[in-house]
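Heads up, run-v8.pdb below (PDB, C-alpha atoms):
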MODEL        1
ATOM      1  CA  MET A   1      -4.637 -43.486 -30.603
ATOM      2  CA  SER A   2      -2.738 -41.653 -33.336
ATOM      3  CA  GLU A   3       1.033 -41.590 -33.255
ATOM      4  CA  ARG A   4       2.745 -38.613 -31.611
ATOM      5  CA  VAL A   5       4.072 -36.032 -34.089
ATOM      6  CA  VAL A   6       7.810 -35.383 -33.740
ATOM      7  CA  PRO A   7      10.088 -32.834 -35.456
ATOM      8  CA  GLY A   8      11.072 -33.876 -38.958
ATOM      9  CA  PRO A   9       9.660 -34.397 -42.449
ATOM     10  CA  VAL A  10       5.993 -35.308 -42.678
ATOM     11  CA  GLN A  11       3.822 -36.739 -45.414
ATOM     12  CA  ASP A  12       0.912 -34.428 -46.171
ATOM     13  CA  SER A  13      -1.102 -33.553 -49.236
ATOM     14  CA  CYS A  14      -1.596 -29.915 -48.150
ATOM     15  CA  GLY A  15       1.987 -28.859 -48.751
ATOM     16  CA  ILE A  16       3.355 -29.298 -45.217
ATOM     17  CA  ARG A  17       7.019 -30.216 -45.527
ATOM     18  CA  GLU A  18       7.958 -30.957 -41.916
ATOM     19  CA  ALA A  19       7.115 -30.361 -38.261
ATOM     20  CA  VAL A  20       9.432 -27.887 -36.546
ATOM     21  CA  CYS A  21       9.963 -26.952 -32.904
ATOM     22  CA  ILE A  22       9.874 -23.200 -32.179
ATOM     23  CA  HIS A  23      10.223 -21.067 -29.043
ATOM     24  CA  THR A  24       7.494 -18.456 -28.750
ATOM     25  CA  LYS A  25       4.899 -16.886 -26.454
ATOM     26  CA  LYS A  26       1.885 -19.105 -25.853
ATOM     27  CA  ILE A  27      -1.345 -17.415 -24.752
ATOM     28  CA  TYR A  28      -2.753 -19.325 -21.783
ATOM     29  CA  ASP A  29      -5.759 -17.122 -21.064
ATOM     30  CA  SER A  30      -7.241 -13.854 -22.285
ATOM     31  CA  CYS A  31     -10.304 -11.684 -21.880
ATOM     32  CA  ARG A  32     -11.845  -8.612 -23.431
ATOM     33  CA  ASP A  33     -13.661  -5.862 -21.595
ATOM     34  CA  LYS A  34     -15.794  -2.803 -22.201
ATOM     35  CA  ASP A  35     -15.520  -0.513 -19.174
ATOM     36  CA  CYS A  36     -17.784   2.475 -18.573
ATOM     37  CA  ILE A  37     -15.793   4.596 -16.118
ATOM     38  CA  GLU A  38     -18.141   7.113 -14.505
ATOM     39  CA  ASP A  39     -17.164  10.473 -12.976
ATOM     40  CA  LEU A  40     -13.418   9.942 -13.138
ATOM     41  CA  ARG A  41     -11.623  12.909 -11.585
ATOM     42  CA  VAL A  42      -9.384  14.939 -13.891
ATOM     43  CA  TYR A  43      -6.296  16.519 -12.316
ATOM     44  CA  PRO A  44      -5.810  19.632 -14.473
ATOM     45  CA  THR A  45      -2.681  21.654 -15.046
ATOM     46  CA  ARG A  46      -2.369  24.826 -12.950
ATOM     47  CA  GLY A  47      -3.385  27.008 -15.889
ATOM     48  CA  SER A  48      -6.363  24.776 -16.675
ATOM     49  CA  GLN A  49      -7.478  24.854 -13.028
ATOM     50  CA  ALA A  50      -7.711  28.655 -13.180
ATOM     51  CA  VAL A  51      -9.962  28.314 -16.240
ATOM     52  CA  ILE A  52     -12.127  25.613 -14.600
ATOM     53  CA  ASP A  53     -12.700  27.859 -11.559
ATOM     54  CA  ARG A  54     -14.289  30.482 -13.863
ATOM     55  CA  ALA A  55     -15.973  28.175 -16.394
ATOM     56  CA  LEU A  56     -19.737  28.038 -16.903
ATOM     57  CA  SER A  57     -19.613  24.670 -18.639
ATOM     58  CA  VAL A  58     -17.335  22.329 -20.552
ATOM     59  CA  ARG A  59     -17.847  20.718 -23.928
ATOM     60  CA  GLY A  60     -16.119  18.555 -26.480
ATOM     61  CA  GLY A  61     -13.516  16.412 -24.883
ATOM     62  CA  ARG A  62     -10.910  13.939 -26.050
ATOM     63  CA  ALA A  63      -9.066  11.234 -24.118
ATOM     64  CA  GLU A  64      -5.614   9.930 -24.965
ATOM     65  CA  LEU A  65      -4.279   6.788 -23.309
ATOM     66  CA  LEU A  66      -0.753   7.747 -22.255
ATOM     67  CA  ARG A  67       0.424   4.573 -20.570
ATOM     68  CA  ALA A  68      -0.673   1.428 -18.767
ATOM     69  CA  TYR A  69       1.283   0.073 -15.814
ATOM     70  CA  ILE A  70       0.802  -3.671 -15.229
ATOM     71  CA  ASP A  71       1.525  -5.869 -12.212
ATOM     72  CA  VAL A  72       1.120  -9.669 -12.088
ATOM     73  CA  GLU A  73       0.789 -11.594  -8.820
ATOM     74  CA  PRO A  74      -0.239 -15.210  -8.119
ATOM     75  CA  ALA A  75      -3.806 -15.627  -6.877
ATOM     76  CA  ALA A  76      -3.485 -17.078  -3.384
ATOM     77  CA  TYR A  77      -6.782 -18.951  -3.463
ATOM     78  CA  ASN A  78      -6.339 -20.791  -6.781
ATOM     79  CA  ARG A  79      -3.136 -22.325  -8.105
ATOM     80  CA  GLY A  80      -2.287 -21.465 -11.670
ATOM     81  CA  PHE A  81      -4.349 -18.252 -11.635
ATOM     82  CA  PHE A  82      -2.911 -14.739 -11.460
ATOM     83  CA  SER A  83      -4.295 -11.302 -10.705
ATOM     84  CA  VAL A  84      -3.400  -8.639 -13.270
ATOM     85  CA  ASP A  85      -3.566  -5.113 -11.873
ATOM     86  CA  ILE A  86      -3.629  -2.387 -14.502
ATOM     87  CA  ARG A  87      -3.415   1.365 -13.990
ATOM     88  CA  TYR A  88      -4.351   3.453 -17.025
ATOM     89  CA  TYR A  89      -3.120   7.046 -17.323
ATOM     90  CA  TYR A  90      -5.140   9.358 -19.589
ATOM     91  CA  ARG A  91      -4.633  12.862 -20.911
ATOM     92  CA  ILE A  92      -8.038  14.587 -21.025
ATOM     93  CA  THR A  93      -8.494  17.697 -23.173
ATOM     94  CA  ALA A  94     -11.671  19.745 -23.445
ATOM     95  CA  GLU A  95     -13.012  23.224 -24.125
ATOM     96  CA  ALA A  96     -14.304  25.400 -21.285
ATOM     97  CA  PHE A  97     -17.070  27.922 -21.941
ATOM     98  CA  LEU A  98     -16.446  31.193 -20.078
ATOM     99  CA  GLY A  99     -19.465  33.212 -21.178
ATOM    100  CA  GLY A 100     -20.163  35.332 -24.222
ATOM    101  CA  ALA A 101     -18.215  33.786 -27.056
ATOM    102  CA  ARG A 102     -15.109  33.095 -24.999
ATOM    103  CA  THR A 103     -13.698  29.591 -24.753
ATOM    104  CA  ALA A 104     -10.414  28.185 -23.480
ATOM    105  CA  ASP A 105      -8.702  24.833 -23.874
ATOM    106  CA  ILE A 106      -8.082  22.799 -20.738
ATOM    107  CA  SER A 107      -6.160  19.577 -20.134
ATOM    108  CA  GLY A 108      -5.332  17.279 -17.268
ATOM    109  CA  LEU A 109      -4.599  13.770 -16.046
ATOM    110  CA  ALA A 110      -7.109  11.019 -15.218
ATOM    111  CA  VAL A 111      -6.277   7.607 -13.761
ATOM    112  CA  PHE A 112      -8.255   4.352 -13.793
ATOM    113  CA  ASP A 113      -7.383   1.126 -11.937
ATOM    114  CA  LYS A 114      -8.569  -2.274 -13.122
ATOM    115  CA  ARG A 115      -7.998  -5.861 -11.969
ATOM    116  CA  VAL A 116      -8.647  -9.129 -13.801
ATOM    117  CA  ILE A 117      -8.019 -12.763 -12.849
ATOM    118  CA  LEU A 118      -6.629 -15.032 -15.565
ATOM    119  CA  PHE A 119      -5.184 -18.527 -15.815
ATOM    120  CA  GLY A 120      -1.448 -18.514 -16.423
ATOM    121  CA  SER A 121      -0.473 -22.111 -15.568
ATOM    122  CA  GLU A 122       2.480 -22.948 -13.322
ATOM    123  CA  GLY A 123       6.211 -22.954 -13.747
ATOM    124  CA  ASN A 124       9.078 -23.160 -11.260
ATOM    125  CA  ALA A 125      12.035 -23.078 -13.608
ATOM    126  CA  LYS A 126      14.694 -20.392 -13.190
ATOM    127  CA  VAL A 127      15.155 -18.776 -16.586
ATOM    128  CA  PHE A 128      18.552 -17.601 -17.879
ATOM    129  CA  SER A 129      19.559 -16.227 -21.260
ATOM    130  CA  SER A 130      22.805 -15.361 -23.037
ATOM    131  CA  ARG A 131      21.171 -12.433 -24.809
ATOM    132  CA  TYR A 132      23.263  -9.277 -24.546
ATOM    133  CA  GLN A 133      22.108  -6.769 -21.955
ATOM    134  CA  PRO A 134      23.388  -3.201 -22.564
ATOM    135  CA  ASP A 135      25.083  -1.637 -19.528
ATOM    136  CA  GLY A 136      24.572  -4.856 -17.567
ATOM    137  CA  PRO A 137      27.082  -6.289 -15.064
ATOM    138  CA  ASP A 138      27.569  -9.248 -17.373
ATOM    139  CA  ALA A 139      26.919 -10.045 -21.013
ATOM    140  CA  GLN A 140      24.575 -12.834 -19.894
ATOM    141  CA  LEU A 141      21.152 -11.842 -18.661
ATOM    142  CA  GLY A 142      20.530 -12.576 -15.010
ATOM    143  CA  ARG A 143      18.000 -15.017 -13.661
ATOM    144  CA  ARG A 144      14.365 -14.000 -13.865
ATOM    145  CA  SER A 145      11.230 -15.475 -12.387
ATOM    146  CA  ASN A 146       8.982 -17.720 -14.390
ATOM    147  CA  LEU A 147       5.827 -15.650 -13.927
ATOM    148  CA  PRO A 148       3.586 -15.340 -16.974
ATOM    149  CA  GLU A 149       3.788 -12.070 -18.861
ATOM    150  CA  ALA A 150       0.686  -9.890 -18.969
ATOM    151  CA  VAL A 151      -0.078  -8.006 -22.173
ATOM    152  CA  VAL A 152      -2.732  -5.280 -22.316
ATOM    153  CA  GLU A 153      -4.087  -3.977 -25.600
ATOM    154  CA  ALA A 154      -6.256  -0.876 -25.367
ATOM    155  CA  VAL A 155      -7.400   1.953 -27.611
ATOM    156  CA  ASP A 156      -7.930   5.594 -26.715
ATOM    157  CA  PRO A 157     -11.186   5.720 -24.750
ATOM    158  CA  ILE A 158     -14.349   7.520 -25.816
ATOM    159  CA  VAL A 159     -15.365  10.577 -23.802
ATOM    160  CA  LEU A 160     -19.023   9.963 -22.900
ATOM    161  CA  SER A 161     -19.615  13.040 -20.739
ATOM    162  CA  LEU A 162     -17.891  15.904 -18.917
ATOM    163  CA  ARG A 163     -19.152  17.881 -15.944
ATOM    164  CA  LEU A 164     -17.977  20.485 -13.455
ATOM    165  CA  CYS A 165     -18.517  19.984  -9.739
ATOM    166  CA  GLU A 166     -17.379  21.466  -6.458
ATOM    167  CA  GLY A 167     -14.826  19.793  -4.217
ATOM    168  CA  CYS A 168     -17.453  19.208  -1.516
ATOM    169  CA  ASP A 169     -19.085  16.502  -3.640
ATOM    170  CA  PHE A 170     -15.998  14.373  -3.088
ATOM    171  CA  GLY A 171     -15.463  15.024   0.620
ATOM    172  CA  GLY A 172     -13.449  18.219   0.217
ATOM    173  CA  CYS A 173     -12.557  20.498   3.107
ATOM    174  CA  GLY A 174     -15.725  22.434   3.867
ATOM    175  CA  CYS A 175     -16.374  23.967   0.450
ATOM    176  CA  PRO A 176     -19.998  25.192   0.073
ATOM    177  CA  CYS A 177     -22.313  22.801  -1.738
ATOM    178  CA  PRO A 178     -24.089  24.446  -4.684
ATOM    179  CA  PRO A 179     -27.675  23.238  -5.219
ATOM    180  CA  GLY A 180     -28.033  20.511  -7.834
ATOM    181  CA  CYS A 181     -24.355  19.645  -7.956
ATOM    182  CA  ALA A 182     -24.608  16.514  -5.843
ATOM    183  CA  PRO A 183     -27.726  14.390  -5.204
ATOM    184  CA  VAL A 184     -27.212  14.555  -1.425
ATOM    185  CA  CYS A 185     -24.646  16.791   0.250
ATOM    186  CA  PRO A 186     -23.149  15.381   3.471
ATOM    187  CA  PRO A 187     -23.054  17.638   6.555
ATOM    188  CA  PRO A 188     -20.152  20.026   5.948
ATOM    189  CA  PRO A 189     -17.167  19.744   8.284
ATOM    190  CA  PRO A 190     -15.914  22.838  10.107
ATOM    191  CA  PRO A 191     -14.552  25.396   7.638
ATOM    192  CA  CYS A 192     -10.873  24.869   7.085
ATOM    193  CA  GLY A 193     -10.173  27.744   4.762
ATOM    194  CA  PRO A 194      -7.626  27.340   2.035
ATOM    195  CA  CYS A 195      -5.971  23.945   2.231
ATOM    196  CA  ALA A 196      -2.396  24.259   3.398
ATOM    197  CA  PRO A 197       0.337  22.715   1.262
ATOM    198  CA  GLY A 198       1.531  19.403   2.613
ATOM    199  CA  THR A 199      -1.649  18.648   4.612
ATOM    200  CA  PRO A 200      -4.193  15.915   3.828
ATOM    201  CA  GLY A 201      -6.463  17.175   1.090
ATOM    202  CA  GLY A 202      -4.110  20.027   0.292
ATOM    203  CA  PRO A 203      -1.962  20.711  -2.748
ATOM    204  CA  GLY A 204       0.338  17.916  -3.772
ATOM    205  CA  THR A 205       3.659  17.560  -2.013
ATOM    206  CA  SER A 206       6.811  15.844  -3.109
ATOM    207  CA  GLY A 207       7.545  12.824  -0.922
ATOM    208  CA  THR A 208       9.544  10.699  -3.339
ATOM    209  CA  PRO A 209      12.266  11.945  -5.696
ATOM    210  CA  GLY A 210      10.826  12.202  -9.169
ATOM    211  CA  ALA A 211       7.219  11.642  -8.072
ATOM    212  CA  SER A 212       4.295  13.862  -7.067
ATOM    213  CA  MET A 213       2.558  12.826  -3.843
ATOM    214  CA  VAL A 214      -1.141  13.493  -3.282
ATOM    215  CA  TYR A 215      -3.138  12.931  -0.107
ATOM    216  CA  GLY A 216      -6.873  12.607   0.401
ATOM    217  CA  GLU A 217      -9.755  10.203  -0.014
ATOM    218  CA  ASN A 218      -9.502   7.919  -3.045
ATOM    219  CA  GLU A 219      -6.794  10.143  -4.453
ATOM    220  CA  LEU A 220      -3.584   9.386  -6.256
ATOM    221  CA  THR A 221      -0.628   8.567  -4.057
ATOM    222  CA  GLU A 222       2.131   8.728  -6.660
ATOM    223  CA  ILE A 223       2.581   9.841 -10.230
ATOM    224  CA  PRO A 224       5.542   8.401 -12.160
ATOM    225  CA  THR A 225       8.102  10.872 -13.424
ATOM    226  CA  GLY A 226       7.429   9.890 -17.024
ATOM    227  CA  ILE A 227       3.763  10.863 -16.669
ATOM    228  CA  ASP A 228       4.617  14.255 -15.134
ATOM    229  CA  ALA A 229       6.901  14.979 -18.066
ATOM    230  CA  LEU A 230       4.063  14.548 -20.583
ATOM    231  CA  PHE A 231       2.334  17.729 -19.378
ATOM    232  CA  ASP A 232       3.600  21.220 -20.126
ATOM    233  CA  SER A 233       3.039  22.485 -16.556
ATOM    234  CA  GLU A 234       2.485  21.282 -12.992
ATOM    235  CA  LEU A 235      -0.672  19.304 -12.260
ATOM    236  CA  CYS A 236      -3.121  20.621  -9.657
ATOM    237  CA  PHE A 237      -4.336  18.362  -6.819
ATOM    238  CA  ASP A 238      -6.114  20.895  -4.560
ATOM    239  CA  ALA A 239      -8.993  19.192  -2.736
ATOM    240  CA  CYS A 240     -10.971  22.427  -2.311
ATOM    241  CA  ALA A 241     -10.689  23.425  -5.961
ATOM    242  CA  ARG A 242     -13.520  23.084  -8.437
ATOM    243  CA  ARG A 243     -13.310  19.734 -10.200
ATOM    244  CA  LEU A 244     -13.685  18.404 -13.700
ATOM    245  CA  CYS A 245     -15.116  14.878 -13.953
ATOM    246  CA  VAL A 246     -15.186  12.732 -17.048
ATOM    247  CA  THR A 247     -17.013   9.527 -17.974
ATOM    248  CA  LEU A 248     -15.023   7.298 -20.329
ATOM    249  CA  GLY A 249     -15.746   4.217 -22.410
ATOM    250  CA  GLN A 250     -12.671   1.962 -22.532
ATOM    251  CA  PHE A 251     -12.166  -1.118 -24.731
ATOM    252  CA  SER A 252      -9.342  -3.479 -23.795
ATOM    253  CA  ILE A 253      -7.932  -6.983 -24.233
ATOM    254  CA  VAL A 254      -5.810  -8.592 -21.507
ATOM    255  CA  ARG A 255      -3.879 -11.819 -21.909
ATOM    256  CA  LEU A 256      -1.311 -13.942 -20.058
ATOM    257  CA  GLU A 257       1.579 -15.429 -22.017
ATOM    258  CA  ARG A 258       4.448 -17.800 -21.232
ATOM    259  CA  ASP A 259       7.578 -18.754 -23.102
ATOM    260  CA  SER A 260       6.864 -22.166 -24.623
ATOM    261  CA  GLN A 261       8.328 -24.634 -27.088
ATOM    262  CA  LEU A 262       5.696 -25.553 -29.631
ATOM    263  CA  LEU A 263       5.641 -28.071 -32.442
ATOM    264  CA  ILE A 264       4.124 -26.581 -35.581
ATOM    265  CA  PRO A 265       3.813 -27.580 -39.252
ATOM    266  CA  MET A 266       6.164 -25.868 -41.701
ATOM    267  CA  TYR A 267       5.210 -25.292 -45.322
ATOM    268  CA  ASP A 268       8.380 -23.560 -46.511
ATOM    269  CA  TYR A 269      10.686 -20.678 -45.705
ATOM    270  CA  CYS A 270       8.978 -17.305 -45.853
ATOM    271  CA  MET A 271      10.507 -15.572 -48.871
ATOM    272  CA  PRO A 272       9.140 -12.123 -49.821
ATOM    273  CA  THR A 273       7.502 -12.119 -53.247
ATOM    274  CA  ARG A 274       7.259  -8.333 -53.760
ATOM    275  CA  GLU A 275      10.238  -6.356 -55.026
ATOM    276  CA  CYS A 276      11.467  -3.385 -53.013
ATOM    277  CA  SER A 277      10.805   0.071 -54.469
ATOM    278  CA  GLY A 278      13.524   2.696 -54.146
ATOM    279  CA  GLY A 279      14.467   6.172 -55.270
ATOM    280  CA  GLY A 280      16.203   4.875 -58.387
ATOM    281  CA  ASP A 281      13.193   2.925 -59.613
ATOM    282  CA  ASP A 282      11.772   3.963 -62.959
ATOM    283  CA  CYS A 283       8.386   3.336 -61.374
ATOM    284  CA  CYS A 284       8.812   6.317 -59.100
ATOM    285  CA  ASP A 285       9.734   8.815 -61.833
ATOM    286  CA  GLU A 286       6.089   9.304 -62.740
ATOM    287  CA  ASP A 287       4.444  12.698 -62.883
ATOM    288  CA  PRO A 288       2.885  13.512 -59.452
ATOM    289  CA  CYS A 289      -0.275  14.762 -61.145
ATOM    290  CA  GLU A 290      -0.561  11.488 -63.057
ATOM    291  CA  ILE A 291      -0.236   9.593 -59.768
ATOM    292  CA  PHE A 292      -2.968  11.798 -58.271
ATOM    293  CA  ARG A 293      -5.290  11.079 -61.213
ATOM    294  CA  GLN A 294      -5.077   7.337 -60.460
ATOM    295  CA  ILE A 295      -6.425   7.799 -56.919
ATOM    296  CA  ARG A 296     -10.138   7.132 -56.569
ATOM    297  CA  PHE A 297     -12.323  10.013 -55.436
ATOM    298  CA  PRO A 298     -13.002   9.605 -51.661
ATOM    299  CA  VAL A 299     -16.798   9.560 -51.856
ATOM    300  CA  GLY A 300     -17.065   8.163 -48.342
ATOM    301  CA  GLU A 301     -15.397  11.267 -46.912
ATOM    302  CA  PHE A 302     -18.209  13.488 -48.222
ATOM    303  CA  PHE A 303     -21.294  11.281 -47.834
ATOM    304  CA  PRO A 304     -22.339   8.849 -45.060
ATOM    305  CA  PRO A 305     -22.201   5.136 -45.930
ATOM    306  CA  SER A 306     -25.397   3.665 -47.358
ATOM    307  CA  ALA A 307     -24.819   0.233 -45.809
ATOM    308  CA  LEU A 308     -24.994  -0.651 -42.150
ATOM    309  CA  PRO A 309     -21.859  -1.994 -40.378
ATOM    310  CA  GLY A 310     -21.384  -5.660 -41.122
ATOM    311  CA  MET A 311     -23.127  -5.547 -44.512
ATOM    312  CA  GLU A 312     -21.212  -6.233 -47.684
ATOM    313  CA  GLU A 313     -19.342  -3.386 -49.296
ATOM    314  CA  GLU A 314     -20.913  -1.459 -52.185
ATOM    315  CA  PRO A 315     -19.959  -2.701 -55.656
ATOM    316  CA  GLY A 316     -17.013  -0.885 -57.134
ATOM    317  CA  GLY A 317     -15.041  -0.662 -53.894
ATOM    318  CA  GLY A 318     -11.392  -1.524 -53.892
ATOM    319  CA  ASN A 319      -7.936  -0.202 -53.303
ATOM    320  CA  CYS A 320      -6.562   3.093 -54.542
ATOM    321  CA  CYS A 321      -5.055   1.497 -57.638
ATOM    322  CA  GLY A 322      -8.260  -0.008 -58.992
ATOM    323  CA  GLY A 323      -6.756  -3.491 -59.001
ATOM    324  CA  GLY A 324      -3.377  -2.428 -60.351
ATOM    325  CA  ASN A 325      -0.049  -2.773 -58.606
ATOM    326  CA  ASN A 326       1.685   0.563 -59.082
ATOM    327  CA  CYS A 327       4.185   0.782 -56.226
ATOM    328  CA  CYS A 328       4.186   4.582 -56.116
ATOM    329  CA  SER A 329       0.512   5.455 -56.380
ATOM    330  CA  CYS A 330      -0.472   2.734 -53.897
ATOM    331  CA  GLY A 331       2.180   3.608 -51.370
ATOM    332  CA  CYS A 332       2.847  -0.117 -50.990
TER
ENDMDL
END

Please render this file's structure as structure tokens.
Amino acid sequence: MSERVVPGPVQDSCGIREAVCIHTKKIYDSCRDKDCIEDLRVYPTRGSQAVIDRALSVRGGRAELLRAYIDVEPAAYNRGFFSVDIRYYYRITAEAFLGGARTADISGLAVFDKRVILFGSEGNAKVFSSRYQPDGPDAQLGRRSNLPEAVVEAVDPIVLSLRLCEGCDFGGCGCPCPPGCAPVCPPPPPPCGPCAPGTPGGPGTSGTPGASMVYGENELTEIPTGIDALFDSELCFDACARRLCVTLGQFSIVRLERDSQLLIPMYDYCMPTRECSGGGDDCCDEDPCEIFRQIRFPVGEFFPPSALPGMEEEPGGGNCCGGGNNCCSCGC
């Protein structure tokens, strides 16, 4: 059995000078996912809802990931494993076709919940730190639990499809079912007329300061204040209203990390080798037109690539400087 490596100088032909102990985040488990989220309800703004009620169809569509809220809890059935609950909030924008040549932009909120189970190891230590906490009761940070930290990396999803549908397809309050909108329409309940504010299935009511409350089947129950503030007007939650549904393609990576002390090899201190460029540099006094002439023509912006993804790049490719190192023309 080889001897245990300890902090200190080491003998190595690859340039390693010593082994050092560092405190960092160690990834205990991670996963990647490709979710196809079908018929996700979009909660439009009040102005967008009025457009949706008159729209013949919708087209285009773009999804922006606004925020992801994450909760970590131990998995009761397996020690060392944790459930990671993620709620994604999206801003959906699209173009509604009103007939003739008239179109109107619409936007709204969509929400997707996801759960994964990952290994995060165990730890019972109570963690304290002397790091300064602004506006805290004490300069020393208080005790915190030793749960692993969940990190979610996600990109803006791809809008795969958009469709309009009546509220009855989702168990609304007696709205008439148009033919072809739903595969099978359930027997309609007794007509309830316009949904009254504050009743189940009705317009959203405010039950918590700073949050919008919504009632109904598989509906949102609370929207954080920060999400509300990202829209220019009030969101519409009427159950009887015509609905916009979106199908999204979401790529994500989820991982569990813990604070750990690791022993790693050290080659040398990391000293920058490139000089800083500033306003007083002679390099940056060049003629702007001369800088522009050094930029390669963006052929790829005008013509599709001739090689498939994963194949080697065409000869002649390179950076904007053509192998040079001009700090102004490269923007480096």

Which distance in Å separates atom CA of Ser233 of chain A and atom CA of Asp53 of chain A, to one decimal?
17.4 Å

Between atom CA of Thr24 of chain A and atom CA of Gly120 of chain A - distance in Å to one decimal
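Distance between the two atoms: 15.2 Å.
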
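Rounded to one decimal, atom CA of Arg32 of chain A and atom CA of Glu153 of chain A lie 9.3 Å from each other.
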
Which residues would end up in the selection if the PyMOL selection byres ((chain A and resi 228) around 12) were applied here, given that I need the answer as a ChimeraX atom specification?
/A:43-45,66-67,89-91,108-109,210-213,222-227,229-236

Fewer than 2 positions away in the same chain doesn't count, so skip those; otherwise give me all residues within 8 Å of Met266 of chain A, counting all atoms listed in the file, as a ChimeraX atom specification.
/A:16-20,264,268-269

For those residues, write C-alpha atoms to a file as a tab-separated table (two decimals), keeping the file's coordinate frame.
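And here's part.tsv as it stands now:
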chain	number	residue	atom	x	y	z
A	16	ILE	CA	3.36	-29.30	-45.22
A	17	ARG	CA	7.02	-30.22	-45.53
A	18	GLU	CA	7.96	-30.96	-41.92
A	19	ALA	CA	7.12	-30.36	-38.26
A	20	VAL	CA	9.43	-27.89	-36.55
A	264	ILE	CA	4.12	-26.58	-35.58
A	268	ASP	CA	8.38	-23.56	-46.51
A	269	TYR	CA	10.69	-20.68	-45.70

Run the PyMOL selection byres ((chain A and resi 124) around 10) mentally over the shown coordinates, then write out the matched residues as a PyMOL selection string, using the chain letters and numbers from the document.
chain A and resi 122-123+125-127+145-147

So which one's closest to Phe237 of chain A, A:Pro74, A:Ala55, A:Ala110, A:Pro304? Using all atoms listed in the file, please.
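Among the listed residues, the smallest separation from Phe237 of chain A belongs to A:Ala110.
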
With the PyMOL selection byres ((chain A and resi 156) around 12) as the selection, what would be picked from this file? Answer as a ChimeraX atom specification, please.
/A:62-68,88-92,153-155,157-159,248-252

Nearest-residue call for Ser57 of chain A, choices A:Ala75, A:Val42, A:Leu98, A:Cys21, using all atoms listed in the file:
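Checking each candidate against Ser57 of chain A, we get A:Leu98 as the closest.
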
Would you kindly identify which residues have an atom no farther than 10 Å from (5.0, -14.2, -29.8), using all atoms listed in the file and the file's own coordinates, and write them out as number ranges by chain?
A: 23-27, 257-260

With 12 Å as the threshold, what does the neighbourhood of (-11.7, 31.4, -25.3) contain in terms of residues, counting all atoms listed in the file? Coordinates are those of the file; answer as a ChimeraX atom specification.
/A:51,54-55,58,94-106

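Compared by their closest atoms to Ile117 of chain A, and using all atoms listed in the file, the residues A:Ser130, A:Cys36, A:Arg255, A:Cys245 rank with A:Arg255 nearest.
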
Closest of A:Glu301, A:Asp238, A:Glu38, A:Glu290 to Val111 of chain A - atom-to-atom distances counting all atoms listed in the file
A:Glu38

Written record: segment 57-66 of chain A, N, CA, C and O atoms, as a PDB file, in the first residue's frame:
ATOM      1  N   SER A  57     -55.170  32.366 -33.379  1.00  0.00           N
ATOM      2  CA  SER A  57     -54.069  31.422 -33.193  1.00  0.00           C
ATOM      3  C   SER A  57     -52.904  32.175 -32.576  1.00  0.00           C
ATOM      4  O   SER A  57     -52.932  33.408 -32.466  1.00  0.00           O
ATOM      5  N   VAL A  58     -51.896  31.430 -32.186  1.00  0.00           N
ATOM      6  CA  VAL A  58     -50.667  32.021 -31.644  1.00  0.00           C
ATOM      7  C   VAL A  58     -49.489  31.436 -32.399  1.00  0.00           C
ATOM      8  O   VAL A  58     -49.547  30.307 -32.903  1.00  0.00           O
ATOM      9  N   ARG A  59     -48.417  32.190 -32.471  1.00  0.00           N
ATOM     10  CA  ARG A  59     -47.241  31.731 -33.204  1.00  0.00           C
ATOM     11  C   ARG A  59     -45.988  32.288 -32.539  1.00  0.00           C
ATOM     12  O   ARG A  59     -46.055  33.128 -31.644  1.00  0.00           O
ATOM     13  N   GLY A  60     -44.855  31.846 -33.062  1.00  0.00           N
ATOM     14  CA  GLY A  60     -43.590  32.294 -32.479  1.00  0.00           C
ATOM     15  C   GLY A  60     -43.453  31.713 -31.086  1.00  0.00           C
ATOM     16  O   GLY A  60     -43.764  30.562 -30.817  1.00  0.00           O
ATOM     17  N   GLY A  61     -43.019  32.508 -30.203  1.00  0.00           N
ATOM     18  CA  GLY A  61     -42.897  32.070 -28.820  1.00  0.00           C
ATOM     19  C   GLY A  61     -41.459  32.024 -28.358  1.00  0.00           C
ATOM     20  O   GLY A  61     -40.584  31.516 -29.053  1.00  0.00           O
ATOM     21  N   ARG A  62     -41.226  32.575 -27.174  1.00  0.00           N
ATOM     22  CA  ARG A  62     -39.906  32.551 -26.565  1.00  0.00           C
ATOM     23  C   ARG A  62     -40.086  32.380 -25.068  1.00  0.00           C
ATOM     24  O   ARG A  62     -41.014  32.927 -24.473  1.00  0.00           O
ATOM     25  N   ALA A  63     -39.228  31.593 -24.452  1.00  0.00           N
ATOM     26  CA  ALA A  63     -39.298  31.335 -23.015  1.00  0.00           C
ATOM     27  C   ALA A  63     -38.023  31.832 -22.350  1.00  0.00           C
ATOM     28  O   ALA A  63     -36.917  31.565 -22.826  1.00  0.00           O
ATOM     29  N   GLU A  64     -38.199  32.548 -21.266  1.00  0.00           N
ATOM     30  CA  GLU A  64     -37.068  33.052 -20.483  1.00  0.00           C
ATOM     31  C   GLU A  64     -37.170  32.498 -19.070  1.00  0.00           C
ATOM     32  O   GLU A  64     -38.198  32.656 -18.407  1.00  0.00           O
ATOM     33  N   LEU A  65     -36.129  31.819 -18.622  1.00  0.00           N
ATOM     34  CA  LEU A  65     -36.102  31.298 -17.260  1.00  0.00           C
ATOM     35  C   LEU A  65     -35.817  32.452 -16.305  1.00  0.00           C
ATOM     36  O   LEU A  65     -34.727  33.026 -16.314  1.00  0.00           O
ATOM     37  N   LEU A  66     -36.811  32.799 -15.488  1.00  0.00           N
ATOM     38  CA  LEU A  66     -36.676  33.938 -14.584  1.00  0.00           C
ATOM     39  C   LEU A  66     -35.939  33.556 -13.302  1.00  0.00           C
ATOM     40  O   LEU A  66     -35.059  34.277 -12.849  1.00  0.00           O
TER      41      LEU A  66
END
